[in-house]
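Novice: My structure is in upload-v5.txt, and what it holds is compact mmCIF, N, CA and C atoms:
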```txt
# COMPACT_ATOMS: atom_id res chain seq x y z
N LEU A 142 -51.67 -9.52 -33.93
CA LEU A 142 -51.92 -8.75 -32.74
C LEU A 142 -51.61 -7.26 -32.92
N LEU A 143 -50.61 -6.96 -33.70
CA LEU A 143 -50.28 -5.55 -33.92
C LEU A 143 -51.15 -4.92 -35.02
N ARG A 144 -51.80 -5.73 -35.83
CA ARG A 144 -52.72 -5.29 -36.90
C ARG A 144 -52.04 -4.38 -37.92
N LEU A 145 -50.75 -4.56 -38.16
CA LEU A 145 -50.03 -3.76 -39.15
C LEU A 145 -49.85 -4.62 -40.40
N LYS A 146 -50.81 -4.54 -41.32
CA LYS A 146 -50.84 -5.43 -42.47
C LYS A 146 -50.09 -4.87 -43.68
N GLN A 147 -49.96 -3.55 -43.79
CA GLN A 147 -49.30 -2.97 -44.95
C GLN A 147 -48.48 -1.75 -44.55
N LEU A 148 -47.73 -1.25 -45.50
CA LEU A 148 -46.85 -0.10 -45.29
C LEU A 148 -47.65 1.14 -44.89
N HIS A 149 -47.13 1.95 -43.99
CA HIS A 149 -47.72 3.21 -43.55
C HIS A 149 -49.05 3.02 -42.84
N ASN A 150 -49.23 1.92 -42.12
CA ASN A 150 -50.41 1.74 -41.27
C ASN A 150 -50.06 2.16 -39.85
N GLY A 151 -51.07 2.58 -39.10
CA GLY A 151 -50.85 2.97 -37.72
C GLY A 151 -51.96 2.48 -36.82
N VAL A 152 -51.60 2.08 -35.60
CA VAL A 152 -52.57 1.62 -34.61
C VAL A 152 -52.18 2.18 -33.24
N PHE A 153 -53.16 2.19 -32.32
CA PHE A 153 -52.90 2.56 -30.94
C PHE A 153 -52.76 1.29 -30.11
N LEU A 154 -51.72 1.24 -29.28
CA LEU A 154 -51.47 0.08 -28.42
C LEU A 154 -51.24 0.54 -26.99
N LYS A 155 -51.65 -0.29 -26.05
CA LYS A 155 -51.38 -0.04 -24.64
C LYS A 155 -49.99 -0.56 -24.34
N VAL A 156 -49.18 0.24 -23.66
CA VAL A 156 -47.81 -0.17 -23.36
C VAL A 156 -47.83 -1.13 -22.17
N ASN A 157 -47.52 -2.39 -22.43
CA ASN A 157 -47.35 -3.38 -21.36
C ASN A 157 -46.25 -4.35 -21.79
N LYS A 158 -45.89 -5.26 -20.92
CA LYS A 158 -44.74 -6.13 -21.17
C LYS A 158 -44.88 -6.97 -22.45
N PRO A 159 -46.02 -7.65 -22.71
CA PRO A 159 -46.12 -8.43 -23.94
C PRO A 159 -46.02 -7.59 -25.21
N ILE A 160 -46.64 -6.40 -25.19
CA ILE A 160 -46.57 -5.52 -26.36
C ILE A 160 -45.14 -5.05 -26.59
N LEU A 161 -44.44 -4.70 -25.52
CA LEU A 161 -43.05 -4.27 -25.66
C LEU A 161 -42.18 -5.39 -26.23
N GLN A 162 -42.44 -6.64 -25.84
CA GLN A 162 -41.68 -7.77 -26.40
C GLN A 162 -41.97 -7.92 -27.89
N MET A 163 -43.25 -7.75 -28.29
CA MET A 163 -43.59 -7.83 -29.72
C MET A 163 -42.94 -6.70 -30.50
N LEU A 164 -42.95 -5.48 -29.93
CA LEU A 164 -42.31 -4.35 -30.60
C LEU A 164 -40.81 -4.55 -30.73
N LYS A 165 -40.20 -5.20 -29.75
CA LYS A 165 -38.77 -5.48 -29.82
C LYS A 165 -38.44 -6.40 -31.00
N LEU A 166 -39.37 -7.36 -31.28
CA LEU A 166 -39.15 -8.28 -32.40
C LEU A 166 -39.26 -7.58 -33.75
N VAL A 167 -40.21 -6.65 -33.88
CA VAL A 167 -40.43 -6.01 -35.18
C VAL A 167 -39.79 -4.62 -35.26
N GLN A 168 -38.96 -4.27 -34.28
CA GLN A 168 -38.39 -2.92 -34.20
C GLN A 168 -37.69 -2.45 -35.47
N PRO A 169 -36.92 -3.28 -36.20
CA PRO A 169 -36.27 -2.77 -37.40
C PRO A 169 -37.24 -2.45 -38.54
N TYR A 170 -38.51 -2.77 -38.36
CA TYR A 170 -39.48 -2.56 -39.44
C TYR A 170 -40.54 -1.52 -39.11
N VAL A 171 -40.61 -1.08 -37.86
CA VAL A 171 -41.65 -0.13 -37.46
C VAL A 171 -41.03 1.02 -36.67
N THR A 172 -41.78 2.12 -36.58
CA THR A 172 -41.41 3.21 -35.70
C THR A 172 -42.59 3.46 -34.77
N TYR A 173 -42.32 3.84 -33.54
CA TYR A 173 -43.40 4.00 -32.57
C TYR A 173 -43.03 5.07 -31.57
N GLY A 174 -44.03 5.53 -30.84
CA GLY A 174 -43.80 6.57 -29.85
C GLY A 174 -45.08 6.87 -29.10
N TYR A 175 -45.07 7.98 -28.38
CA TYR A 175 -46.19 8.37 -27.52
C TYR A 175 -46.84 9.61 -28.12
N PRO A 176 -48.02 9.47 -28.77
CA PRO A 176 -48.63 10.63 -29.45
C PRO A 176 -49.25 11.61 -28.46
N SER A 177 -49.34 12.87 -28.88
CA SER A 177 -49.99 13.89 -28.07
C SER A 177 -51.50 13.86 -28.33
N LEU A 178 -52.23 14.60 -27.53
CA LEU A 178 -53.69 14.68 -27.70
C LEU A 178 -54.04 15.29 -29.05
N LYS A 179 -53.27 16.30 -29.47
CA LYS A 179 -53.50 16.93 -30.78
C LYS A 179 -53.33 15.92 -31.91
N THR A 180 -52.32 15.07 -31.82
CA THR A 180 -52.07 14.07 -32.85
C THR A 180 -53.18 13.03 -32.88
N VAL A 181 -53.60 12.55 -31.71
CA VAL A 181 -54.67 11.56 -31.64
C VAL A 181 -55.95 12.13 -32.24
N ARG A 182 -56.26 13.38 -31.88
CA ARG A 182 -57.48 14.03 -32.38
C ARG A 182 -57.41 14.19 -33.90
N ALA A 183 -56.26 14.62 -34.43
CA ALA A 183 -56.12 14.80 -35.88
C ALA A 183 -56.27 13.48 -36.62
N LEU A 184 -55.68 12.42 -36.08
CA LEU A 184 -55.79 11.10 -36.72
C LEU A 184 -57.23 10.61 -36.75
N VAL A 185 -57.92 10.69 -35.63
CA VAL A 185 -59.29 10.16 -35.56
C VAL A 185 -60.23 10.97 -36.44
N TYR A 186 -60.10 12.31 -36.42
CA TYR A 186 -61.00 13.13 -37.22
C TYR A 186 -60.72 13.01 -38.72
N LYS A 187 -59.45 12.95 -39.10
CA LYS A 187 -59.14 12.94 -40.53
C LYS A 187 -59.14 11.54 -41.13
N ARG A 188 -58.58 10.57 -40.43
CA ARG A 188 -58.39 9.23 -40.99
C ARG A 188 -59.11 8.14 -40.20
N GLY A 189 -60.07 8.53 -39.37
CA GLY A 189 -60.74 7.57 -38.51
C GLY A 189 -61.83 6.78 -39.22
N TYR A 190 -61.75 5.47 -39.13
CA TYR A 190 -62.77 4.56 -39.62
C TYR A 190 -63.06 3.55 -38.52
N GLY A 191 -64.32 3.15 -38.42
CA GLY A 191 -64.71 2.19 -37.41
C GLY A 191 -64.92 0.81 -38.01
N LYS A 192 -64.80 -0.20 -37.15
CA LYS A 192 -65.03 -1.58 -37.58
C LYS A 192 -66.42 -1.97 -37.11
N VAL A 193 -67.37 -2.02 -38.05
CA VAL A 193 -68.75 -2.39 -37.72
C VAL A 193 -69.08 -3.63 -38.53
N SER A 194 -69.32 -4.74 -37.84
CA SER A 194 -69.58 -6.06 -38.44
C SER A 194 -68.56 -6.37 -39.54
N LYS A 195 -67.28 -6.22 -39.17
CA LYS A 195 -66.12 -6.53 -40.03
C LYS A 195 -66.05 -5.69 -41.29
N GLN A 196 -66.69 -4.51 -41.29
CA GLN A 196 -66.62 -3.60 -42.43
C GLN A 196 -66.04 -2.27 -41.99
N ARG A 197 -65.37 -1.58 -42.91
CA ARG A 197 -64.71 -0.30 -42.62
C ARG A 197 -65.71 0.82 -42.88
N ILE A 198 -66.18 1.45 -41.80
CA ILE A 198 -67.20 2.48 -41.87
C ILE A 198 -66.59 3.82 -41.44
N PRO A 199 -66.73 4.90 -42.25
CA PRO A 199 -66.18 6.20 -41.84
C PRO A 199 -66.89 6.74 -40.60
N LEU A 200 -66.15 7.43 -39.75
CA LEU A 200 -66.71 8.01 -38.54
C LEU A 200 -67.31 9.37 -38.86
N SER A 201 -68.34 9.39 -39.71
CA SER A 201 -68.94 10.64 -40.16
C SER A 201 -69.85 11.25 -39.12
N ASP A 202 -70.51 10.42 -38.30
CA ASP A 202 -71.34 10.96 -37.22
C ASP A 202 -71.22 10.07 -35.98
N ASN A 203 -71.69 10.59 -34.86
CA ASN A 203 -71.50 9.91 -33.58
C ASN A 203 -72.35 8.66 -33.43
N SER A 204 -73.37 8.49 -34.27
CA SER A 204 -74.25 7.32 -34.12
C SER A 204 -73.50 6.02 -34.38
N VAL A 205 -72.52 6.05 -35.29
CA VAL A 205 -71.71 4.86 -35.59
C VAL A 205 -70.96 4.43 -34.32
N ILE A 206 -70.36 5.39 -33.62
CA ILE A 206 -69.60 5.11 -32.41
C ILE A 206 -70.53 4.67 -31.28
N THR A 207 -71.68 5.36 -31.14
CA THR A 207 -72.63 5.04 -30.07
C THR A 207 -73.17 3.63 -30.22
N ASN A 208 -73.52 3.23 -31.46
CA ASN A 208 -74.05 1.89 -31.67
C ASN A 208 -73.03 0.80 -31.33
N ALA A 209 -71.77 1.05 -31.63
CA ALA A 209 -70.74 0.03 -31.41
C ALA A 209 -70.19 0.04 -29.98
N LEU A 210 -69.99 1.23 -29.41
CA LEU A 210 -69.30 1.34 -28.11
C LEU A 210 -70.15 1.95 -27.01
N GLY A 211 -71.46 2.13 -27.25
CA GLY A 211 -72.33 2.75 -26.26
C GLY A 211 -72.38 1.98 -24.95
N LYS A 212 -72.32 0.66 -25.03
CA LYS A 212 -72.38 -0.17 -23.81
C LYS A 212 -71.14 -0.01 -22.94
N HIS A 213 -70.07 0.57 -23.50
CA HIS A 213 -68.84 0.82 -22.74
C HIS A 213 -68.76 2.27 -22.28
N GLY A 214 -69.81 3.07 -22.52
CA GLY A 214 -69.82 4.46 -22.09
C GLY A 214 -69.14 5.41 -23.06
N ILE A 215 -68.94 4.99 -24.31
CA ILE A 215 -68.32 5.85 -25.32
C ILE A 215 -69.41 6.22 -26.32
N TYR A 216 -69.81 7.50 -26.32
CA TYR A 216 -70.99 7.92 -27.11
C TYR A 216 -70.67 8.84 -28.27
N GLY A 217 -69.43 9.22 -28.46
CA GLY A 217 -69.11 10.12 -29.57
C GLY A 217 -67.63 10.15 -29.85
N THR A 218 -67.26 10.98 -30.81
CA THR A 218 -65.87 11.05 -31.23
C THR A 218 -64.96 11.55 -30.11
N GLU A 219 -65.41 12.56 -29.38
CA GLU A 219 -64.58 13.10 -28.29
C GLU A 219 -64.41 12.07 -27.17
N ASP A 220 -65.46 11.29 -26.88
CA ASP A 220 -65.32 10.23 -25.88
C ASP A 220 -64.30 9.18 -26.34
N LEU A 221 -64.34 8.86 -27.64
CA LEU A 221 -63.40 7.89 -28.21
C LEU A 221 -61.96 8.41 -28.11
N ILE A 222 -61.76 9.68 -28.46
CA ILE A 222 -60.43 10.29 -28.38
C ILE A 222 -59.94 10.31 -26.93
N HIS A 223 -60.82 10.66 -26.00
CA HIS A 223 -60.46 10.70 -24.58
C HIS A 223 -60.07 9.31 -24.07
N GLU A 224 -60.82 8.30 -24.47
CA GLU A 224 -60.53 6.92 -24.04
C GLU A 224 -59.19 6.45 -24.59
N ILE A 225 -58.90 6.78 -25.85
CA ILE A 225 -57.63 6.38 -26.47
C ILE A 225 -56.46 7.12 -25.80
N TYR A 226 -56.59 8.43 -25.63
CA TYR A 226 -55.48 9.23 -25.12
C TYR A 226 -55.15 8.92 -23.66
N THR A 227 -56.20 8.73 -22.83
CA THR A 227 -55.96 8.49 -21.41
C THR A 227 -55.76 7.02 -21.10
N VAL A 228 -55.89 6.13 -22.11
CA VAL A 228 -55.80 4.69 -21.94
C VAL A 228 -56.72 4.28 -20.78
N GLY A 229 -58.01 4.58 -21.00
CA GLY A 229 -59.03 4.32 -19.99
C GLY A 229 -59.36 2.84 -19.84
N PRO A 230 -60.38 2.53 -19.04
CA PRO A 230 -60.73 1.13 -18.77
C PRO A 230 -61.24 0.37 -19.99
N HIS A 231 -61.76 1.08 -20.99
CA HIS A 231 -62.27 0.42 -22.19
C HIS A 231 -61.39 0.71 -23.41
N PHE A 232 -60.08 0.91 -23.15
CA PHE A 232 -59.15 1.21 -24.24
C PHE A 232 -59.11 0.08 -25.26
N LYS A 233 -59.12 -1.16 -24.79
CA LYS A 233 -59.01 -2.31 -25.69
C LYS A 233 -60.16 -2.33 -26.68
N GLN A 234 -61.39 -2.11 -26.21
CA GLN A 234 -62.55 -2.10 -27.10
C GLN A 234 -62.50 -0.91 -28.05
N ALA A 235 -62.07 0.26 -27.55
CA ALA A 235 -62.01 1.46 -28.38
C ALA A 235 -60.95 1.31 -29.47
N ALA A 236 -59.77 0.82 -29.12
CA ALA A 236 -58.69 0.66 -30.09
C ALA A 236 -59.03 -0.42 -31.11
N ASN A 237 -59.72 -1.47 -30.67
CA ASN A 237 -60.10 -2.54 -31.59
C ASN A 237 -61.21 -2.08 -32.53
N PHE A 238 -62.07 -1.16 -32.06
CA PHE A 238 -63.12 -0.61 -32.91
C PHE A 238 -62.53 0.22 -34.05
N LEU A 239 -61.44 0.93 -33.77
CA LEU A 239 -60.81 1.76 -34.81
C LEU A 239 -60.10 0.88 -35.82
N TRP A 240 -60.39 1.10 -37.09
CA TRP A 240 -59.68 0.42 -38.17
C TRP A 240 -58.26 0.97 -38.19
N PRO A 241 -57.23 0.15 -38.51
CA PRO A 241 -55.87 0.70 -38.58
C PRO A 241 -55.80 1.89 -39.54
N PHE A 242 -55.13 2.95 -39.09
CA PHE A 242 -55.05 4.18 -39.88
C PHE A 242 -54.19 3.96 -41.10
N LYS A 243 -54.70 4.33 -42.28
CA LYS A 243 -53.93 4.25 -43.51
C LYS A 243 -53.32 5.62 -43.78
N LEU A 244 -52.05 5.77 -43.45
CA LEU A 244 -51.36 7.04 -43.60
C LEU A 244 -50.68 7.11 -44.95
N SER A 245 -50.38 8.33 -45.38
CA SER A 245 -49.64 8.48 -46.63
C SER A 245 -48.14 8.51 -46.33
N ALA A 246 -47.33 8.48 -47.36
CA ALA A 246 -45.88 8.57 -47.17
C ALA A 246 -45.55 9.97 -46.62
N PRO A 247 -44.55 10.08 -45.77
CA PRO A 247 -44.28 11.38 -45.15
C PRO A 247 -43.80 12.42 -46.16
N ARG A 248 -44.33 13.65 -46.02
CA ARG A 248 -43.84 14.75 -46.85
C ARG A 248 -42.38 14.99 -46.52
N GLY A 249 -41.54 15.07 -47.52
CA GLY A 249 -40.11 15.23 -47.30
C GLY A 249 -39.38 13.90 -47.18
N GLY A 250 -40.12 12.81 -47.11
CA GLY A 250 -39.53 11.48 -47.09
C GLY A 250 -38.93 11.10 -45.75
N PHE A 251 -38.42 9.89 -45.69
CA PHE A 251 -37.71 9.40 -44.51
C PHE A 251 -36.26 9.85 -44.59
N LYS A 252 -35.58 9.90 -43.43
CA LYS A 252 -34.16 10.27 -43.42
C LYS A 252 -33.32 9.14 -43.98
N CYS A 253 -33.36 8.01 -43.28
CA CYS A 253 -32.55 6.87 -43.67
C CYS A 253 -33.22 5.62 -43.12
N LYS A 254 -33.86 4.87 -43.99
CA LYS A 254 -34.67 3.75 -43.54
C LYS A 254 -33.86 2.60 -42.97
N ARG A 255 -32.55 2.54 -43.25
CA ARG A 255 -31.80 1.37 -42.82
C ARG A 255 -31.17 1.54 -41.44
N HIS A 256 -31.30 2.73 -40.83
CA HIS A 256 -30.73 2.94 -39.50
C HIS A 256 -31.83 3.27 -38.50
N GLY A 257 -31.60 2.92 -37.24
CA GLY A 257 -32.56 3.19 -36.17
C GLY A 257 -32.58 4.65 -35.79
N TYR A 258 -33.68 5.07 -35.19
CA TYR A 258 -33.84 6.47 -34.79
C TYR A 258 -32.83 6.86 -33.72
N CYS A 259 -32.50 5.94 -32.85
CA CYS A 259 -31.60 6.24 -31.73
C CYS A 259 -30.12 5.99 -32.07
N GLU A 260 -29.83 5.55 -33.28
CA GLU A 260 -28.44 5.31 -33.66
C GLU A 260 -27.74 6.62 -33.95
N MET A 261 -26.41 6.57 -34.01
CA MET A 261 -25.61 7.76 -34.27
C MET A 261 -25.92 8.36 -35.64
N LYS A 262 -26.17 7.49 -36.63
CA LYS A 262 -26.43 7.97 -37.99
C LYS A 262 -27.83 8.55 -38.13
N GLY A 263 -28.71 8.30 -37.16
CA GLY A 263 -30.04 8.90 -37.17
C GLY A 263 -30.94 8.38 -38.27
N GLY A 264 -31.55 7.25 -38.06
CA GLY A 264 -32.44 6.67 -39.06
C GLY A 264 -33.90 6.89 -38.70
N ASP A 265 -34.75 5.93 -39.10
CA ASP A 265 -36.18 6.12 -38.93
C ASP A 265 -36.88 5.09 -38.07
N TRP A 266 -36.38 3.85 -37.97
CA TRP A 266 -37.12 2.86 -37.22
C TRP A 266 -36.78 2.93 -35.74
N GLY A 267 -37.66 2.37 -34.92
CA GLY A 267 -37.41 2.32 -33.48
C GLY A 267 -38.30 3.27 -32.70
N ASN A 268 -37.95 3.45 -31.43
CA ASN A 268 -38.75 4.25 -30.51
C ASN A 268 -38.41 5.73 -30.66
N ARG A 269 -39.41 6.54 -31.03
CA ARG A 269 -39.22 7.98 -31.19
C ARG A 269 -39.71 8.75 -29.98
N GLU A 270 -40.44 8.10 -29.09
CA GLU A 270 -41.08 8.71 -27.93
C GLU A 270 -41.97 9.87 -28.38
N ALA A 271 -41.75 11.10 -27.92
CA ALA A 271 -42.65 12.21 -28.27
C ALA A 271 -42.41 12.73 -29.69
N GLU A 272 -41.29 12.38 -30.31
CA GLU A 272 -40.99 12.86 -31.66
C GLU A 272 -41.87 12.20 -32.72
N ILE A 273 -42.70 11.23 -32.34
CA ILE A 273 -43.60 10.57 -33.28
C ILE A 273 -44.63 11.57 -33.80
N ASN A 274 -44.92 12.62 -33.03
CA ASN A 274 -45.94 13.61 -33.42
C ASN A 274 -45.54 14.32 -34.72
N GLU A 275 -44.25 14.62 -34.85
CA GLU A 275 -43.78 15.32 -36.05
C GLU A 275 -43.92 14.43 -37.26
N LEU A 276 -43.58 13.15 -37.13
CA LEU A 276 -43.68 12.21 -38.24
C LEU A 276 -45.14 12.00 -38.65
N ILE A 277 -46.02 11.81 -37.68
CA ILE A 277 -47.44 11.61 -38.00
C ILE A 277 -48.02 12.87 -38.63
N GLY A 278 -47.57 14.03 -38.18
CA GLY A 278 -48.02 15.29 -38.80
C GLY A 278 -47.65 15.36 -40.28
N ARG A 279 -46.48 14.82 -40.63
CA ARG A 279 -46.08 14.82 -42.05
C ARG A 279 -46.80 13.75 -42.83
N MET A 280 -47.25 12.68 -42.17
CA MET A 280 -47.90 11.57 -42.87
C MET A 280 -49.43 11.73 -42.93
N ASN A 281 -50.00 12.57 -42.10
CA ASN A 281 -51.46 12.70 -42.02
C ASN A 281 -52.03 13.56 -43.14
```
Hey, can you dump this file as structure tokens for me?
Specialist:
Amino acid sequence: LLRLKQLHNGVFLKVNKPILQMLKLVQPYVTYGYPSLKTVRALVYKRGYGKVSKQRIPLSDNSVITNALGKHGIYGTEDLIHEIYTVGPHFKQAANFLWPFKLSAPRGGFKCKRHGYCEMKGGDWGNREAEINELIGRMN
């Protein structure tokens, strides 16, 4: 359900009770937060791939998005970014269309992988809230 199959993968999720319970279970292994519009746009433009008939297709032009999500009113990259950022009515279809982002290791590395972000020692896993933008900026 989380679609995190390998290290340094990223996905967009809608915050609701079942997702929060799943994140609580995997919290020592993942970091999460609330990305800004700039971060969402940078991820989709630089590392965005679509899922078309179970194949990973680069989002090089809007026709790929229109063919897959046109029936939901999403006709281009900006429509896709808007739907993801505002968590619109067709967020589920838009997020499922996007292939999980394959990010690189962060420039400068992690601080301390064995401690949580909210702990006194200041580690890396857990809820970063708005601070996720800085980490994704280093990994993108």
Novice: Measuring between all atoms listed in the file, which one of A:Pro241, A:Val228, A:Val167, A:Ile222 shows the shortest distance to Arg182 of chain A?
Specialist: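 When distances to Arg182 of chain A are compared using all atoms listed in the file, the smallest one comes from A:Ile222.
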Novice: List every residue of chain A that DSSP, applied to the backbone, labels as strand (DSSP E or B), and write the result as a ChimeraX atom specification.
Specialist: /A:150-151,172-174,190-193,196-199,239,242-243,257,266-270
Novice: Save the residues we just selected, N, CA and C atoms, as a CSV table (one decimal), keeping the file's coordinate frame?
Specialist:
```csv
chain,number,residue,atom,x,y,z
A,150,ASN,N,-49.2,1.9,-42.1
A,150,ASN,CA,-50.4,1.7,-41.3
A,150,ASN,C,-50.1,2.2,-39.8
A,151,GLY,N,-51.1,2.6,-39.1
A,151,GLY,CA,-50.8,3.0,-37.7
A,151,GLY,C,-52.0,2.5,-36.8
A,172,THR,N,-41.8,2.1,-36.6
A,172,THR,CA,-41.4,3.2,-35.7
A,172,THR,C,-42.6,3.5,-34.8
A,173,TYR,N,-42.3,3.8,-33.5
A,173,TYR,CA,-43.4,4.0,-32.6
A,173,TYR,C,-43.0,5.1,-31.6
A,174,GLY,N,-44.0,5.5,-30.8
A,174,GLY,CA,-43.8,6.6,-29.8
A,174,GLY,C,-45.1,6.9,-29.1
A,190,TYR,N,-61.8,5.5,-39.1
A,190,TYR,CA,-62.8,4.6,-39.6
A,190,TYR,C,-63.1,3.6,-38.5
A,191,GLY,N,-64.3,3.2,-38.4
A,191,GLY,CA,-64.7,2.2,-37.4
A,191,GLY,C,-64.9,0.8,-38.0
A,192,LYS,N,-64.8,-0.2,-37.2
A,192,LYS,CA,-65.0,-1.6,-37.6
A,192,LYS,C,-66.4,-2.0,-37.1
A,193,VAL,N,-67.4,-2.0,-38.0
A,193,VAL,CA,-68.8,-2.4,-37.7
A,193,VAL,C,-69.1,-3.6,-38.5
A,196,GLN,N,-66.7,-4.5,-41.3
A,196,GLN,CA,-66.6,-3.6,-42.4
A,196,GLN,C,-66.0,-2.3,-42.0
A,197,ARG,N,-65.4,-1.6,-42.9
A,197,ARG,CA,-64.7,-0.3,-42.6
A,197,ARG,C,-65.7,0.8,-42.9
A,198,ILE,N,-66.2,1.4,-41.8
A,198,ILE,CA,-67.2,2.5,-41.9
A,198,ILE,C,-66.6,3.8,-41.4
A,199,PRO,N,-66.7,4.9,-42.2
A,199,PRO,CA,-66.2,6.2,-41.8
A,199,PRO,C,-66.9,6.7,-40.6
A,239,LEU,N,-61.4,0.9,-33.8
A,239,LEU,CA,-60.8,1.8,-34.8
A,239,LEU,C,-60.1,0.9,-35.8
A,242,PHE,N,-55.1,3.0,-39.1
A,242,PHE,CA,-55.0,4.2,-39.9
A,242,PHE,C,-54.2,4.0,-41.1
A,243,LYS,N,-54.7,4.3,-42.3
A,243,LYS,CA,-53.9,4.2,-43.5
A,243,LYS,C,-53.3,5.6,-43.8
A,257,GLY,N,-31.6,2.9,-37.2
A,257,GLY,CA,-32.6,3.2,-36.2
A,257,GLY,C,-32.6,4.6,-35.8
A,266,TRP,N,-36.4,3.8,-38.0
A,266,TRP,CA,-37.1,2.9,-37.2
A,266,TRP,C,-36.8,2.9,-35.7
A,267,GLY,N,-37.7,2.4,-34.9
A,267,GLY,CA,-37.4,2.3,-33.5
A,267,GLY,C,-38.3,3.3,-32.7
A,268,ASN,N,-38.0,3.4,-31.4
A,268,ASN,CA,-38.8,4.2,-30.5
A,268,ASN,C,-38.4,5.7,-30.7
A,269,ARG,N,-39.4,6.5,-31.0
A,269,ARG,CA,-39.2,8.0,-31.2
A,269,ARG,C,-39.7,8.8,-30.0
A,270,GLU,N,-40.4,8.1,-29.1
A,270,GLU,CA,-41.1,8.7,-27.9
A,270,GLU,C,-42.0,9.9,-28.4
```
Novice: Between A:Arg279, A:Gly249, A:Lys192, A:Asn274, single out the one closest to Lys179 of chain A, counting all atoms listed in the file.
Specialist: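 Answer, going by the shortest atom-to-atom distance: A:Asn274.
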Novice: Pick the closest to Tyr190 of chain A from A:Ile273, A:Lys158, A:Lys243, A:Asn281: which is it, counting only N, CA and C atoms?
Specialist: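 Selected residue with least distance to Tyr190 of chain A: A:Lys243.
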Novice: Show which residues sit within 8 Å of Val171 of chain A, as a list in words. Count all atoms listed in the file, and ignore same-chain residues fewer than 2 positions away.
Specialist: Leu164, Leu166, Val167, Gln168, Pro169, Tyr173, Gly174, Asp265, Trp266, Gly267 and Asn268 of chain A
Novice: Find the residue from A:Lys155, A:Leu142, A:Gly191, A:Leu161 that sits nearest to Phe232 of chain A; use all atoms listed in the file when measuring.
Specialist: A:Lys155
Novice: I need every residue sitting at most 12 Å from the point (-52.4, 17.0, -30.7) (coordinates as in the file, only C-alpha atoms considered), written as an mmCIF file with N, CA and C atoms, in the coordinates of the input.
Specialist:
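So the final result, stored in point28.cif, reads:
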```cif
data_model
loop_
_atom_site.group_PDB
_atom_site.id
_atom_site.type_symbol
_atom_site.label_atom_id
_atom_site.label_comp_id
_atom_site.auth_asym_id
_atom_site.auth_seq_id
_atom_site.Cartn_x
_atom_site.Cartn_y
_atom_site.Cartn_z
ATOM 1 N N TYR A 175 -45.070 7.980 -28.380
ATOM 2 C CA TYR A 175 -46.190 8.370 -27.520
ATOM 3 C C TYR A 175 -46.840 9.610 -28.120
ATOM 4 N N PRO A 176 -48.020 9.470 -28.770
ATOM 5 C CA PRO A 176 -48.630 10.630 -29.450
ATOM 6 C C PRO A 176 -49.250 11.610 -28.460
ATOM 7 N N SER A 177 -49.340 12.870 -28.880
ATOM 8 C CA SER A 177 -49.990 13.890 -28.070
ATOM 9 C C SER A 177 -51.500 13.860 -28.330
ATOM 10 N N LEU A 178 -52.230 14.600 -27.530
ATOM 11 C CA LEU A 178 -53.690 14.680 -27.700
ATOM 12 C C LEU A 178 -54.040 15.290 -29.050
ATOM 13 N N LYS A 179 -53.270 16.300 -29.470
ATOM 14 C CA LYS A 179 -53.500 16.930 -30.780
ATOM 15 C C LYS A 179 -53.330 15.920 -31.910
ATOM 16 N N THR A 180 -52.320 15.070 -31.820
ATOM 17 C CA THR A 180 -52.070 14.070 -32.850
ATOM 18 C C THR A 180 -53.180 13.030 -32.880
ATOM 19 N N VAL A 181 -53.600 12.550 -31.710
ATOM 20 C CA VAL A 181 -54.670 11.560 -31.640
ATOM 21 C C VAL A 181 -55.950 12.130 -32.240
ATOM 22 N N ARG A 182 -56.260 13.380 -31.880
ATOM 23 C CA ARG A 182 -57.480 14.030 -32.380
ATOM 24 C C ARG A 182 -57.410 14.190 -33.900
ATOM 25 N N ALA A 183 -56.260 14.620 -34.430
ATOM 26 C CA ALA A 183 -56.120 14.800 -35.880
ATOM 27 C C ALA A 183 -56.270 13.480 -36.620
ATOM 28 N N LEU A 184 -55.680 12.420 -36.080
ATOM 29 C CA LEU A 184 -55.790 11.100 -36.720
ATOM 30 C C LEU A 184 -57.230 10.610 -36.750
ATOM 31 N N VAL A 185 -57.920 10.690 -35.630
ATOM 32 C CA VAL A 185 -59.290 10.160 -35.560
ATOM 33 C C VAL A 185 -60.230 10.970 -36.440
ATOM 34 N N TYR A 186 -60.100 12.310 -36.420
ATOM 35 C CA TYR A 186 -61.000 13.130 -37.220
ATOM 36 C C TYR A 186 -60.720 13.010 -38.720
ATOM 37 N N ILE A 222 -61.760 9.680 -28.460
ATOM 38 C CA ILE A 222 -60.430 10.290 -28.380
ATOM 39 C C ILE A 222 -59.940 10.310 -26.930
ATOM 40 N N HIS A 223 -60.820 10.660 -26.000
ATOM 41 C CA HIS A 223 -60.460 10.700 -24.580
ATOM 42 C C HIS A 223 -60.070 9.310 -24.070
ATOM 43 N N TYR A 226 -56.590 8.430 -25.630
ATOM 44 C CA TYR A 226 -55.480 9.230 -25.120
ATOM 45 C C TYR A 226 -55.150 8.920 -23.660
ATOM 46 N N ALA A 271 -41.750 11.100 -27.920
ATOM 47 C CA ALA A 271 -42.650 12.210 -28.270
ATOM 48 C C ALA A 271 -42.410 12.730 -29.690
ATOM 49 N N ILE A 273 -42.700 11.230 -32.340
ATOM 50 C CA ILE A 273 -43.600 10.570 -33.280
ATOM 51 C C ILE A 273 -44.630 11.570 -33.800
ATOM 52 N N ASN A 274 -44.920 12.620 -33.030
ATOM 53 C CA ASN A 274 -45.940 13.610 -33.420
ATOM 54 C C ASN A 274 -45.540 14.320 -34.720
ATOM 55 N N GLU A 275 -44.250 14.620 -34.850
ATOM 56 C CA GLU A 275 -43.780 15.320 -36.050
ATOM 57 C C GLU A 275 -43.920 14.430 -37.260
ATOM 58 N N ILE A 277 -46.020 11.810 -37.680
ATOM 59 C CA ILE A 277 -47.440 11.610 -38.000
ATOM 60 C C ILE A 277 -48.020 12.870 -38.630
ATOM 61 N N GLY A 278 -47.570 14.030 -38.180
ATOM 62 C CA GLY A 278 -48.020 15.290 -38.800
ATOM 63 C C GLY A 278 -47.650 15.360 -40.280
#
```
Novice: Determine, counting only C-alpha atoms, which protein, DNA and RNA residues have an atom within 10 Å of an atom of Val152 of chain A; residues of the same chain fewer than 4 positions away are not included. Present the result as a list of chain:residue names.
Specialist: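 Listed by chain and then number, they are A:Leu143, A:Arg144, A:Leu145, A:Tyr173, A:Ala236, A:Asn237, A:Leu239, A:Trp240, A:Pro241, A:Phe242, A:Lys243.
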